[in-house]
file work-v2.tsv (TSV, C-alpha atoms)
chain	number	residue	atom	x	y	z
A	27	MET	CA	28.70	-16.83	46.05
A	28	ALA	CA	27.76	-17.94	42.53
A	29	ASN	CA	30.00	-20.35	40.76
A	30	LEU	CA	32.54	-18.69	38.42
A	31	LYS	CA	31.94	-21.15	35.63
A	32	ASP	CA	28.15	-20.70	35.81
A	33	ILE	CA	28.41	-16.94	35.53
A	34	ARG	CA	30.76	-17.24	32.55
A	35	LYS	CA	28.28	-19.52	30.85
A	36	ARG	CA	25.38	-17.15	31.45
A	37	ILE	CA	27.36	-14.23	30.05
A	38	GLY	CA	28.02	-16.30	26.93
A	39	THR	CA	24.34	-17.13	26.48
A	40	ILE	CA	23.20	-13.56	26.90
A	41	GLU	CA	25.91	-12.38	24.55
A	42	SER	CA	24.53	-14.58	21.78
A	43	ILE	CA	20.93	-13.52	22.50
A	44	LYS	CA	22.09	-9.95	22.19
A	45	GLN	CA	23.57	-10.71	18.80
A	46	VAL	CA	20.30	-12.23	17.61
A	47	THR	CA	18.16	-9.35	18.82
A	48	ARG	CA	20.51	-6.83	17.27
A	49	ALA	CA	20.36	-8.66	13.92
A	50	MET	CA	16.55	-8.75	14.11
A	51	LYS	CA	16.51	-5.05	14.78
A	52	LEU	CA	18.61	-4.35	11.70
A	53	VAL	CA	16.46	-6.58	9.50
A	54	ALA	CA	13.30	-4.88	10.75
A	55	ALA	CA	14.83	-1.48	10.03
A	56	ALA	CA	15.59	-2.48	6.44
A	57	LYS	CA	12.06	-3.84	5.93
A	58	LEU	CA	10.60	-0.71	7.46
A	59	ARG	CA	12.49	1.45	4.98
A	60	ARG	CA	11.12	-0.61	2.10
A	61	ALA	CA	7.55	-0.34	3.40
A	62	GLN	CA	7.93	3.39	3.84
A	63	SER	CA	9.16	3.89	0.30
A	64	ASN	CA	6.20	1.83	-0.97
A	65	MET	CA	3.89	4.07	1.02
A	66	GLU	CA	5.54	7.12	-0.46
A	67	GLN	CA	5.07	5.77	-3.97
A	68	ALA	CA	1.42	4.92	-3.48
A	69	ARG	CA	0.53	8.38	-2.24
A	70	PRO	CA	0.11	10.30	-5.57
A	71	TYR	CA	-2.13	7.58	-7.01
A	72	ALA	CA	-4.27	7.26	-3.90
A	73	GLY	CA	-4.55	11.01	-3.57
A	74	ARG	CA	-5.79	11.56	-7.11
A	75	ILE	CA	-8.32	8.74	-7.03
A	76	HIS	CA	-9.63	9.98	-3.73
A	77	GLY	CA	-9.81	13.51	-5.08
A	78	VAL	CA	-11.73	12.63	-8.22
A	79	LEU	CA	-14.13	10.32	-6.37
A	80	ASN	CA	-14.77	12.93	-3.76
A	81	HIS	CA	-15.57	15.40	-6.46
A	82	LEU	CA	-17.93	13.02	-8.23
A	83	LEU	CA	-19.84	11.44	-5.37
A	84	PRO	CA	-22.14	14.37	-4.54
A	85	ASP	CA	-23.48	14.23	-8.13
A	86	ILE	CA	-24.09	10.50	-8.10
A	87	ASP	CA	-27.21	8.70	-7.03
A	88	ARG	CA	-25.74	6.40	-4.41
A	89	THR	CA	-28.58	3.93	-4.57
A	90	THR	CA	-27.70	2.93	-8.12
A	91	HIS	CA	-24.29	1.62	-7.07
A	92	ASP	CA	-24.10	-1.48	-4.95
A	93	LEU	CA	-20.79	-0.48	-3.40
A	94	LEU	CA	-22.04	2.97	-2.45
A	95	SER	CA	-25.58	2.42	-1.28
A	96	MET	CA	-26.17	2.02	2.42
A	97	ARG	CA	-28.19	-0.95	3.53
A	98	PRO	CA	-29.26	-1.98	7.03
A	99	ALA	CA	-26.16	-3.43	8.65
A	100	LYS	CA	-27.49	-6.77	9.85
A	101	GLN	CA	-24.35	-8.78	9.17
A	102	LYS	CA	-21.10	-7.03	9.84
A	103	ALA	CA	-17.66	-7.96	8.71
A	104	PHE	CA	-14.37	-7.00	10.28
A	105	ILE	CA	-11.02	-7.15	8.57
A	106	ILE	CA	-8.26	-7.43	11.14
A	107	LEU	CA	-4.62	-6.91	10.22
A	108	THR	CA	-1.96	-8.53	12.37
A	109	SER	CA	1.49	-9.94	11.72
A	110	ASP	CA	2.45	-13.55	11.02
A	111	ARG	CA	5.23	-13.60	13.55
A	112	GLY	CA	5.76	-12.41	17.08
A	113	LEU	CA	8.69	-10.68	18.76
A	114	CYS	CA	7.27	-7.29	17.98
A	115	GLY	CA	6.29	-6.09	21.43
A	116	SER	CA	2.63	-5.44	22.05
A	117	PHE	CA	1.87	-4.88	18.35
A	118	ASN	CA	-0.46	-7.86	18.03
A	119	SER	CA	-1.84	-8.07	21.57
A	120	ASN	CA	-2.98	-4.44	21.50
A	121	ILE	CA	-4.86	-4.70	18.24
A	122	LEU	CA	-6.34	-8.09	19.11
A	123	ARG	CA	-7.64	-6.81	22.42
A	124	GLN	CA	-9.15	-3.72	20.84
A	125	ALA	CA	-10.61	-5.63	17.88
A	126	GLU	CA	-12.20	-8.16	20.20
A	127	SER	CA	-13.94	-5.47	22.21
A	128	ILE	CA	-15.15	-3.74	19.02
A	129	ILE	CA	-16.52	-7.01	17.67
A	130	ASP	CA	-18.15	-7.96	20.96
A	131	THR	CA	-19.86	-4.58	21.08
A	132	ALA	CA	-21.15	-5.14	17.55
A	133	GLY	CA	-22.33	-8.61	18.50
A	134	LYS	CA	-20.21	-11.72	18.08
A	135	GLU	CA	-23.04	-13.71	16.43
A	136	ASN	CA	-23.64	-11.36	13.54
A	137	SER	CA	-20.01	-10.56	12.86
A	138	LYS	CA	-17.85	-12.26	10.30
A	139	LEU	CA	-14.10	-11.94	10.42
A	140	ILE	CA	-11.48	-11.72	7.76
A	141	CYS	CA	-8.07	-12.18	9.31
A	142	ILE	CA	-5.01	-10.89	7.54
A	143	GLY	CA	-1.93	-12.22	9.32
A	144	ARG	CA	-1.45	-15.45	11.25
A	145	LYS	CA	-1.68	-14.01	14.77
A	146	GLY	CA	-5.19	-12.72	14.31
A	147	TYR	CA	-6.30	-15.88	12.57
A	148	GLU	CA	-5.05	-18.06	15.43
A	149	TYR	CA	-6.45	-15.79	18.10
A	150	PHE	CA	-9.98	-15.49	16.75
A	151	GLY	CA	-10.07	-19.00	15.35
A	152	LYS	CA	-9.46	-20.42	18.82
A	153	ARG	CA	-12.12	-18.27	20.46
A	154	GLY	CA	-15.01	-19.41	18.33
A	155	TYR	CA	-15.40	-16.37	16.11
A	156	ASP	CA	-16.72	-16.81	12.60
A	157	VAL	CA	-13.55	-16.37	10.54
A	158	VAL	CA	-14.74	-16.60	6.94
A	159	GLU	CA	-11.44	-15.87	5.28
A	160	HIS	CA	-7.79	-15.58	6.24
A	161	TYR	CA	-4.55	-14.63	4.56
A	162	THR	CA	-1.25	-15.71	6.07
A	163	ASP	CA	2.41	-16.14	5.04
A	164	PHE	CA	2.49	-13.45	2.41
A	165	TRP	CA	3.94	-10.47	4.31
A	166	ASN	CA	7.48	-11.11	3.14
A	167	GLU	CA	6.56	-11.00	-0.53
A	168	LEU	CA	3.93	-8.30	-0.08
A	169	ASN	CA	3.01	-6.64	-3.37
A	170	PHE	CA	0.12	-4.77	-4.91
A	171	SER	CA	-1.52	-7.88	-6.36
A	172	HIS	CA	-2.13	-9.15	-2.81
A	173	ALA	CA	-4.14	-6.02	-2.16
A	174	THR	CA	-6.24	-6.40	-5.31
A	175	LYS	CA	-6.86	-10.07	-4.58
A	176	MET	CA	-8.09	-9.35	-1.06
A	177	ALA	CA	-10.13	-6.33	-2.10
A	178	ARG	CA	-11.84	-8.35	-4.82
A	179	ALA	CA	-12.61	-11.29	-2.56
A	180	ILE	CA	-14.11	-9.00	0.06
A	181	THR	CA	-16.08	-7.00	-2.52
A	182	ASP	CA	-17.47	-10.20	-4.03
A	183	ARG	CA	-18.67	-11.39	-0.64
A	184	TYR	CA	-20.18	-7.99	0.05
A	185	LEU	CA	-22.00	-7.97	-3.28
A	186	SER	CA	-23.33	-11.47	-2.71
A	187	GLY	CA	-25.01	-10.14	0.43
A	188	GLU	CA	-22.93	-12.15	2.88
A	189	PHE	CA	-22.43	-8.99	4.94
A	190	ASP	CA	-23.73	-5.42	4.76
A	191	ASP	CA	-21.00	-3.41	6.38
A	192	VAL	CA	-17.24	-3.88	6.36
A	193	ARG	CA	-14.80	-2.33	8.81
A	194	VAL	CA	-11.05	-2.58	8.79
A	195	ILE	CA	-9.08	-2.58	12.02
A	196	PHE	CA	-5.39	-2.00	11.55
A	197	ASN	CA	-2.30	-0.31	12.95
A	198	GLU	CA	-1.63	3.00	11.33
A	199	PHE	CA	1.99	4.02	11.08
A	200	LYS	CA	2.52	7.35	12.83
A	201	ASN	CA	6.26	7.27	13.29
A	202	VAL	CA	8.87	4.71	14.26
A	203	ALA	CA	7.97	4.91	17.94
A	204	GLN	CA	4.22	5.15	17.51
A	205	GLN	CA	1.44	3.13	15.94
A	206	GLU	CA	-2.20	3.94	16.25
A	207	ILE	CA	-5.03	1.45	16.00
A	208	VAL	CA	-7.60	2.70	13.54
A	209	GLU	CA	-11.06	1.51	12.59
A	210	TYR	CA	-11.93	2.34	9.00
A	211	HIS	CA	-15.26	2.06	7.22
A	212	TYR	CA	-14.41	0.10	4.08
A	213	LEU	CA	-17.80	-0.77	2.58
A	214	PRO	CA	-20.16	0.76	1.64
A	215	LEU	CA	-17.80	3.45	0.52
A	216	VAL	CA	-17.77	6.66	2.54
A	217	LEU	CA	-15.19	9.34	2.00
A	218	GLU	CA	-13.81	11.83	4.45
A	219	ASP	CA	-13.71	15.38	3.21
A	220	ASP	CA	-9.98	15.94	3.29
A	221	ALA	CA	-9.35	15.18	-0.37
A	222	GLU	CA	-7.47	17.34	-2.84
A	223	GLU	CA	-9.33	19.98	-4.78
A	224	VAL	CA	-10.48	18.93	-8.22
A	225	ASN	CA	-11.28	21.05	-11.23
A	226	THR	CA	-15.03	21.36	-11.70
A	227	ASP	CA	-15.77	21.57	-15.41
A	228	TYR	CA	-14.51	18.25	-16.64
A	229	LEU	CA	-15.91	16.32	-19.52
A	230	PHE	CA	-16.61	12.75	-18.42
A	231	GLU	CA	-16.09	9.94	-20.84
A	232	PRO	CA	-18.13	7.71	-21.22
A	233	SER	CA	-20.25	9.22	-18.38
A	234	LYS	CA	-20.01	10.24	-14.76
A	235	ASP	CA	-21.74	7.05	-13.72
A	236	GLU	CA	-19.35	4.88	-15.70
A	237	VAL	CA	-16.31	6.70	-14.38
A	238	VAL	CA	-17.49	6.20	-10.81
A	239	LYS	CA	-18.22	2.56	-11.49
A	240	SER	CA	-14.68	2.04	-12.67
A	241	LEU	CA	-13.15	4.22	-9.98
A	242	VAL	CA	-14.72	2.62	-6.92
A	243	PRO	CA	-12.93	-0.74	-7.28
A	244	ARG	CA	-9.67	1.12	-7.98
A	245	HIS	CA	-10.18	3.08	-4.79
A	246	LEU	CA	-10.92	-0.05	-2.77
A	247	ASN	CA	-7.76	-1.68	-4.12
A	248	ILE	CA	-5.52	1.23	-3.27
A	249	GLN	CA	-7.09	1.53	0.18
A	250	MET	CA	-6.42	-2.15	0.85
A	251	TRP	CA	-2.85	-1.62	-0.32
A	252	ARG	CA	-2.55	1.27	2.11
A	253	PHE	CA	-3.84	-0.85	5.03
A	254	LEU	CA	-1.35	-3.57	4.22
A	255	LEU	CA	1.56	-1.14	3.98
A	256	GLU	CA	0.58	0.78	7.12
A	257	SER	CA	0.27	-2.43	9.09
A	258	TYR	CA	3.50	-3.86	7.73
A	259	ALA	CA	5.41	-0.66	8.47
A	260	SER	CA	3.93	-0.55	11.97
A	261	GLU	CA	4.87	-4.18	12.57
A	262	GLN	CA	8.46	-3.59	11.53
A	263	ALA	CA	8.68	-0.41	13.58
A	264	ALA	CA	7.29	-2.21	16.63
A	265	ARG	CA	9.75	-5.06	16.11
A	266	MET	CA	12.61	-2.62	15.71
A	267	THR	CA	11.78	-0.81	18.93
A	268	SER	CA	11.26	-3.95	20.96
A	269	MET	CA	14.41	-5.59	19.63
A	270	GLU	CA	16.34	-2.44	20.41
A	271	ALA	CA	15.03	-2.60	23.98
A	272	ALA	CA	15.92	-6.29	24.17
A	273	THR	CA	19.45	-5.57	22.95
A	274	ASN	CA	19.87	-2.84	25.56
A	275	ASN	CA	18.52	-5.07	28.31
A	276	ALA	CA	20.91	-7.82	27.32
A	277	GLY	CA	23.75	-5.29	27.51
A	278	ASP	CA	22.70	-4.21	31.02
A	279	LEU	CA	22.41	-7.81	32.13
A	280	ILE	CA	25.87	-8.59	30.81
A	281	ASP	CA	27.33	-5.60	32.67
A	282	ARG	CA	25.73	-6.73	35.89
A	283	LEU	CA	26.89	-10.31	35.47
A	284	ARG	CA	30.40	-9.19	34.64
A	285	LEU	CA	30.54	-7.20	37.88
A	286	GLU	CA	29.32	-10.23	39.77
A	287	TYR	CA	31.87	-12.38	37.96
A	288	ASN	CA	34.74	-10.07	38.90
A	289	LYS	CA	33.60	-9.92	42.50
A	290	ALA	CA	33.42	-13.68	42.65
A	291	ARG	CA	36.83	-14.01	41.04
A	292	GLN	CA	38.38	-11.57	43.51
A	293	ALA	CA	36.75	-13.31	46.43
A	294	ALA	CA	38.14	-16.61	45.17
A	295	ILE	CA	41.65	-15.13	44.89
A	296	THR	CA	41.42	-13.61	48.36
A	297	THR	CA	40.37	-16.93	49.81
A	298	GLU	CA	43.26	-18.64	48.06
A	299	ILE	CA	45.79	-16.10	49.30
A	300	LEU	CA	44.41	-16.45	52.81
A	301	GLU	CA	44.78	-20.19	52.60
A	302	VAL	CA	48.36	-19.93	51.34
A	303	VAL	CA	49.32	-17.35	53.96
A	304	SER	CA	47.75	-19.18	56.83
A	305	GLY	CA	49.30	-22.43	55.57
A	306	ALA	CA	52.73	-20.77	55.49
A	307	GLU	CA	52.24	-19.32	58.95
A	308	ALA	CA	51.29	-22.69	60.28
A	309	LEU	CA	54.53	-24.10	58.87
A	310	VAL	CA	56.66	-21.36	60.55
A	311	GLU	CA	55.17	-22.16	63.90
B	29	MET	CA	7.56	24.37	-27.04
B	30	ALA	CA	4.13	24.72	-28.56
B	31	GLY	CA	2.10	21.62	-29.20
B	32	GLN	CA	3.47	19.65	-26.30
B	33	PHE	CA	1.98	18.70	-22.99
B	34	HIS	CA	3.18	17.14	-19.78
B	35	LEU	CA	2.42	13.45	-19.24
B	36	GLU	CA	2.64	11.36	-16.11
B	37	ILE	CA	1.69	7.73	-15.79
B	38	ILE	CA	0.90	7.07	-12.15
B	39	THR	CA	0.53	3.57	-10.72
B	40	PRO	CA	0.28	2.50	-7.07
B	41	THR	CA	3.88	1.34	-7.12
B	42	LYS	CA	5.59	3.73	-9.50
B	43	VAL	CA	5.30	7.08	-11.25
B	44	TYR	CA	6.55	7.29	-14.83
B	45	ASP	CA	7.20	10.95	-15.58
B	46	GLU	CA	7.30	11.22	-19.35
B	47	GLY	CA	8.00	14.95	-19.38
B	48	GLU	CA	6.79	16.99	-22.37
B	49	VAL	CA	5.25	14.82	-25.08
B	50	ASP	CA	3.61	15.46	-28.46
B	51	TYR	CA	0.94	12.82	-28.60
B	52	LEU	CA	-0.71	10.19	-26.41
B	53	ARG	CA	-2.97	7.35	-27.35
B	54	ALA	CA	-4.81	5.67	-24.51
B	55	PRO	CA	-7.28	2.78	-24.37
B	56	GLY	CA	-10.64	4.27	-23.35
B	57	VAL	CA	-13.45	1.93	-22.37
B	58	ASP	CA	-15.26	2.86	-25.61
B	59	GLY	CA	-12.20	2.50	-27.77
B	60	ALA	CA	-8.80	4.12	-28.00
B	61	PHE	CA	-8.53	7.90	-28.11
B	62	GLY	CA	-5.73	10.29	-28.94
B	63	VAL	CA	-4.68	13.34	-26.97
B	64	LEU	CA	-2.84	16.36	-28.33
B	65	ALA	CA	-1.95	19.57	-26.54
B	66	GLY	CA	-4.98	21.75	-25.82
B	67	HIS	CA	-7.40	18.87	-25.31
B	68	THR	CA	-10.66	19.60	-23.49
B	69	GLU	CA	-10.32	19.08	-19.75
B	70	SER	CA	-11.78	15.69	-19.09
B	71	ILE	CA	-11.73	12.49	-17.12
B	72	MET	CA	-11.89	9.28	-19.07
B	73	ALA	CA	-12.20	5.75	-17.85
B	74	LEU	CA	-9.51	3.45	-19.24
B	75	ALA	CA	-9.70	-0.20	-20.18
B	76	ILE	CA	-6.95	-2.80	-20.29
B	77	GLY	CA	-4.85	-2.01	-23.31
B	78	GLU	CA	-1.89	-0.21	-24.76
B	79	ILE	CA	-0.71	3.30	-24.01
B	80	LYS	CA	1.31	4.92	-26.77
B	81	VAL	CA	3.42	7.99	-26.16
B	82	VAL	CA	5.08	10.01	-28.93
B	83	LYS	CA	7.86	12.41	-28.07
B	84	GLY	CA	9.53	13.93	-31.15
B	85	SER	CA	10.62	10.94	-33.18
B	86	VAL	CA	10.59	8.60	-30.19
B	87	GLU	CA	7.67	6.28	-29.61
B	88	LYS	CA	7.04	4.43	-26.39
B	89	THR	CA	4.39	1.89	-25.50
B	90	TYR	CA	3.10	0.55	-22.21
B	91	ALA	CA	0.86	-2.38	-21.40
B	92	SER	CA	-1.65	-1.05	-18.91
B	93	THR	CA	-4.65	-2.20	-16.92
B	94	LYS	CA	-7.77	-0.37	-15.77
B	95	GLY	CA	-7.79	3.16	-14.50
B	96	PHE	CA	-8.60	6.62	-15.76
B	97	ALA	CA	-7.04	9.59	-17.50
B	98	GLU	CA	-7.25	13.07	-16.08
B	99	ILE	CA	-6.70	15.68	-18.76
B	100	THR	CA	-6.20	19.28	-17.67
B	101	HIS	CA	-4.65	22.38	-19.21
B	102	ASN	CA	-1.51	21.64	-17.26
B	103	GLY	CA	-1.06	18.19	-18.66
B	104	VAL	CA	-2.27	14.65	-18.55
B	105	GLN	CA	-2.15	12.16	-15.73
B	106	LEU	CA	-2.92	8.54	-16.41
B	107	LEU	CA	-3.87	6.72	-13.24
B	108	VAL	CA	-3.74	3.01	-13.90
B	109	GLU	CA	-3.31	0.01	-11.62
B	110	SER	CA	-0.35	-1.23	-13.57
B	111	ALA	CA	1.71	-0.01	-16.48
B	112	GLU	CA	4.70	-1.77	-17.90
B	113	PRO	CA	6.99	-0.22	-20.49
B	114	HIS	CA	7.22	-2.31	-23.65
B	115	ASP	CA	10.76	-3.49	-22.82
B	116	ASP	CA	9.98	-4.45	-19.23
B	117	ILE	CA	7.19	-6.90	-19.99
B	118	ASP	CA	8.03	-10.32	-18.66
B	119	LEU	CA	7.10	-12.45	-21.64
B	120	THR	CA	7.41	-15.84	-19.99
B	121	ARG	CA	5.34	-14.72	-17.04
B	122	ALA	CA	2.63	-13.29	-19.26
B	123	GLN	CA	2.59	-16.44	-21.37
B	124	GLU	CA	2.34	-18.63	-18.29
B	125	ALA	CA	-0.48	-16.50	-16.88
B	126	PHE	CA	-2.27	-16.69	-20.21
B	127	ASN	CA	-1.96	-20.48	-20.37
B	128	ARG	CA	-3.11	-20.84	-16.80
B	129	ALA	CA	-6.17	-18.68	-17.40
B	130	LYS	CA	-6.98	-20.52	-20.59
B	131	GLU	CA	-6.71	-23.91	-18.93
B	132	HIS	CA	-8.94	-22.63	-16.16
B	133	LEU	CA	-11.57	-21.54	-18.66
B	134	ASN	CA	-11.46	-24.89	-20.41
B	135	ARG	CA	-12.43	-26.75	-17.26
B	136	LYS	CA	-16.14	-26.07	-17.43
B	137	GLN	CA	-17.07	-27.18	-13.93
B	138	ASP	CA	-15.59	-24.05	-12.33
B	139	GLU	CA	-17.83	-21.64	-10.58
B	140	MET	CA	-18.92	-18.39	-12.16
B	141	GLU	CA	-16.74	-16.28	-9.92
B	142	ASP	CA	-13.63	-18.19	-10.81
B	143	GLU	CA	-14.50	-17.95	-14.44
B	144	LEU	CA	-14.73	-14.18	-14.25
B	145	ARG	CA	-11.40	-14.02	-12.52
B	146	ALA	CA	-9.81	-16.25	-15.12
B	147	LEU	CA	-11.30	-14.15	-17.90
B	148	ARG	CA	-9.83	-11.03	-16.41
B	149	ALA	CA	-6.46	-12.70	-15.95
B	150	GLN	CA	-6.58	-13.85	-19.53
B	151	GLU	CA	-7.37	-10.36	-20.73
B	152	ARG	CA	-4.50	-8.83	-18.80
B	153	SER	CA	-1.91	-11.36	-19.89
B	154	LEU	CA	-3.06	-11.30	-23.50
B	155	ASN	CA	-2.69	-7.53	-23.51
B	156	ARG	CA	0.87	-7.81	-22.24
B	157	LEU	CA	1.69	-10.32	-24.93
B	158	LYS	CA	0.14	-8.14	-27.63
B	159	VAL	CA	1.98	-5.01	-26.58
B	160	ALA	CA	5.25	-6.91	-26.27
B	161	ALA	CA	4.83	-8.53	-29.67
B	162	LYS	CA	4.72	-5.22	-31.53
B	163	LYS	CA	7.95	-3.79	-32.90
call {"tool": "encode", "arguments": {"input": "work-v2.tsv", "output": "structure tokens"}}
result
Amino acid sequence: MANLKDIRKRIGTIESIKQVTRAMKLVAAAKLRRAQSNMEQARPYAGRIHGVLNHLLPDIDRTTHDLLSMRPAKQKAFIILTSDRGLCGSFNSNILRQAESIIDTAGKENSKLICIGRKGYEYFGKRGYDVVEHYTDFWNELNFSHATKMARAITDRYLSGEFDDVRVIFNEFKNVAQQEIVEYHYLPLVLEDDAEEVNTDYLFEPSKDEVVKSLVPRHLNIQMWRFLLESYASEQAARMTSMEAATNNAGDLIDRLRLEYNKARQAAITTEILEVVSGAEALVE
Amino acid sequence: MAGQFHLEIITPTKVYDEGEVDYLRAPGVDGAFGVLAGHTESIMALAIGEIKVVKGSVEKTYASTKGFAEITHNGVQLLVESAEPHDDIDLTRAQEAFNRAKEHLNRKQDEMEDELRALRAQERSLNRLKVAAKK
């Protein structure tokens, strides 16, 4: 039978772990709410830009725009979004595993990596991948200027010919219990056809070409912002769920230990009574 | 009321709904232009500059960065990457950014790319300072 004092000590330890995990869950929930409201706010802007671009692109000669024209994808680049910190369940391991298989299929030698988030940077850095750029330790102060900075750096590299095709691999936020890993074609720019309807007889000032030229970088910025927010929201949701599970497990463990503790205590009392009674009986005789 | 139109300034982080306004002046890439109710439906690219909104006797200004204006019969939407109302401009921050960019430009040995970035930063911060300095 386990020692009473040991069990008491274990209960104490687990109790404090439970407090920590519960606090982490609450913090993650608050951060998730903030990320979700940011996502909400970005939607009208992203929707309009997408709509107007979608309307314009069929009329534009793609080959005259560097960011639109397709070129043979000899060098590929992958942007991988992970978190800086752990304790968020399988959030990072899932995306890292999937990203690695995507990159290996594309060919490790002609793939360059841009890692956003410490976990991805450490993972691919250690495994001999060509990580050309990384961004870490910014998630807590995440704001729109991070997105523009990253989008510009990536666009500059693309324009300089360092790579010909850019994909983004990130966790898309479905709901609190669900994230989905998505691969998105970032550059050259391709649009899906689900955009809002746009009026057809607009006057374009200064010209269609100029409007597109100014719109494409805006679109890339807002897309990057969306990736960051989606990934951040997913991370917080994953952390919330896993910390919730940890808190529940700690509760179960405490219940079990308490039962064991009571059993041990009763056994100890029974033994004591037996000793007293048999001692008394021995005296009578 | 006749002669008014609906104006929204939409940024990635915030939507400023101005409601019904009389007049708008926005910084087009080829110079500032004015919009009154009944304007031709158009899409105009915007440069870094100042947005002016007139509503009755009230005048409002914003410091804005690049984007575009979508003008329809239903109203005007300005989609810009950032817009700060005149009173919300952080003067010290803009001044610091301006000084930083200027210092950067003064050190000649920087690479082209950095120089472009610094130029853009200088343009943005100078615009904020200009808009804030009025009134």
call {"tool": "atom_distance", "arguments": {"input": "work-v2.tsv", "atom1": "CA of Tyr287 (chain A)", "atom2": "CA of Ala272 (chain A)"}}
result
21.9 Å
call {"tool": "closest_residue", "arguments": {"input": "work-v2.tsv", "among": "B:Leu64, B:Ala97, B:Leu107, B:Val57", "to": "Ala72 (chain A)", "atoms": "all atoms listed in the file"}}
result
B:Leu107
call {"tool": "atom_distance", "arguments": {"input": "work-v2.tsv", "atom1": "CA of Gln67 (chain A)", "atom2": "CA of Ile38 (chain B)"}}
result
9.3 Å
call {"tool": "atom_distance", "arguments": {"input": "work-v2.tsv", "atom1": "CA of Asp32 (chain A)", "atom2": "CA of Ala294 (chain A)"}}
result
14.3 Å
call {"tool": "residues_around", "arguments": {"input": "work-v2.tsv", "residues": "Gln205 (chain A)", "least_positions_apart": "4", "cutoff": "12 Å", "atoms": "all atoms listed in the file", "output": "list of chain:residue names"}}
result
A:Gly115, A:Ser116, A:Phe117, A:Asn118, A:Asn120, A:Ile121, A:Phe196, A:Asn197, A:Glu198, A:Phe199, A:Lys200, A:Asn201, A:Glu256, A:Ser257, A:Tyr258, A:Ala259, A:Ser260, A:Glu261, A:Gln262, A:Ala263, A:Ala264, A:Arg265, A:Thr267
call {"tool": "closest_atom_pairs", "arguments": {"input": "work-v2.tsv", "of": "chain A", "to": "chain B", "cutoff": "8 Å", "atoms": "only C-alpha atoms", "output": "JSON lines"}}
result
{"residue": "A:Asn64", "atom": "CA", "partner": "B:Thr41", "partner_atom": "CA", "distance": 6.6}
{"residue": "A:Gln67", "atom": "CA", "partner": "B:Thr41", "partner_atom": "CA", "distance": 5.6}
{"residue": "A:Ala68", "atom": "CA", "partner": "B:Pro40", "partner_atom": "CA", "distance": 4.5}
{"residue": "A:Arg69", "atom": "CA", "partner": "B:Pro40", "partner_atom": "CA", "distance": 7.6}
{"residue": "A:Pro70", "atom": "CA", "partner": "B:Ile38", "partner_atom": "CA", "distance": 7.4}
{"residue": "A:Tyr71", "atom": "CA", "partner": "B:Pro40", "partner_atom": "CA", "distance": 5.6}
{"residue": "A:Ala72", "atom": "CA", "partner": "B:Pro40", "partner_atom": "CA", "distance": 7.3}
{"residue": "A:Ile75", "atom": "CA", "partner": "B:Leu107", "partner_atom": "CA", "distance": 7.9}
{"residue": "A:Phe170", "atom": "CA", "partner": "B:Thr41", "partner_atom": "CA", "distance": 7.5}
{"residue": "A:Asp227", "atom": "CA", "partner": "B:Glu69", "partner_atom": "CA", "distance": 7.4}
{"residue": "A:Tyr228", "atom": "CA", "partner": "B:Ser70", "partner_atom": "CA", "distance": 4.5}
{"residue": "A:Leu229", "atom": "CA", "partner": "B:Ser70", "partner_atom": "CA", "distance": 4.2}
{"residue": "A:Phe230", "atom": "CA", "partner": "B:Ile71", "partner_atom": "CA", "distance": 5.1}
{"residue": "A:Glu231", "atom": "CA", "partner": "B:Met72", "partner_atom": "CA", "distance": 4.6}
{"residue": "A:Pro232", "atom": "CA", "partner": "B:Met72", "partner_atom": "CA", "distance": 6.8}
{"residue": "A:Glu236", "atom": "CA", "partner": "B:Ala73", "partner_atom": "CA", "distance": 7.5}
{"residue": "A:Val237", "atom": "CA", "partner": "B:Ala73", "partner_atom": "CA", "distance": 5.5}
{"residue": "A:Ser240", "atom": "CA", "partner": "B:Ala73", "partner_atom": "CA", "distance": 6.8}
{"residue": "A:Leu241", "atom": "CA", "partner": "B:Gly95", "partner_atom": "CA", "distance": 7.1}
{"residue": "A:Arg244", "atom": "CA", "partner": "B:Gly95", "partner_atom": "CA", "distance": 7.1}
{"residue": "A:Ile248", "atom": "CA", "partner": "B:Pro40", "partner_atom": "CA", "distance": 7.0}
call {"tool": "axis_aligned_box", "arguments": {"input": "work-v2.tsv", "around": "region 91-107 of chain B", "padding_each_side": "6 Å", "output": "lines of an AutoDock Vina configuration file"}}
result
center_x = -3.9
center_y = 10.0
center_z = -17.3
size_x = 21.5
size_y = 36.8
size_z = 20.2
call {"tool": "residues_around", "arguments": {"input": "work-v2.tsv", "residues": "Asn275 (chain A)", "least_positions_apart": "5", "cutoff": "10 Å", "atoms": "all atoms listed in the file", "output": "PyMOL selection string"}}
result
chain A and resi 40+44+269-270+280-281
call {"tool": "residues_around", "arguments": {"input": "work-v2.tsv", "residues": "Lys80 (chain B)", "least_positions_apart": "6", "cutoff": "10 Å", "atoms": "only C-alpha atoms", "output": "list in words"}}
result
Tyr51, Leu52, Arg53, Ala54, Pro55, Gly62, Glu87, Lys88, Thr89, Tyr90, Ala91, Pro113, His114 and Val159 of chain B
call {"tool": "closest_atom_pairs", "arguments": {"input": "work-v2.tsv", "of": "region 82-124 of chain A", "to": "region 213-217 of chain A", "cutoff": "10 Å", "atoms": "only C-alpha atoms", "output": "CSV"}}
result
residue,atom,partner,partner_atom,distance
A:Leu83,CA,A:Leu217,CA,9.0
A:Arg88,CA,A:Leu215,CA,9.8
A:His91,CA,A:Pro214,CA,9.7
A:Asp92,CA,A:Pro214,CA,8.0
A:Leu93,CA,A:Pro214,CA,5.2
A:Leu94,CA,A:Pro214,CA,5.0
A:Ser95,CA,A:Pro214,CA,6.4
A:Met96,CA,A:Pro214,CA,6.2
A:Arg97,CA,A:Pro214,CA,8.4
A:Ala103,CA,A:Leu213,CA,9.4
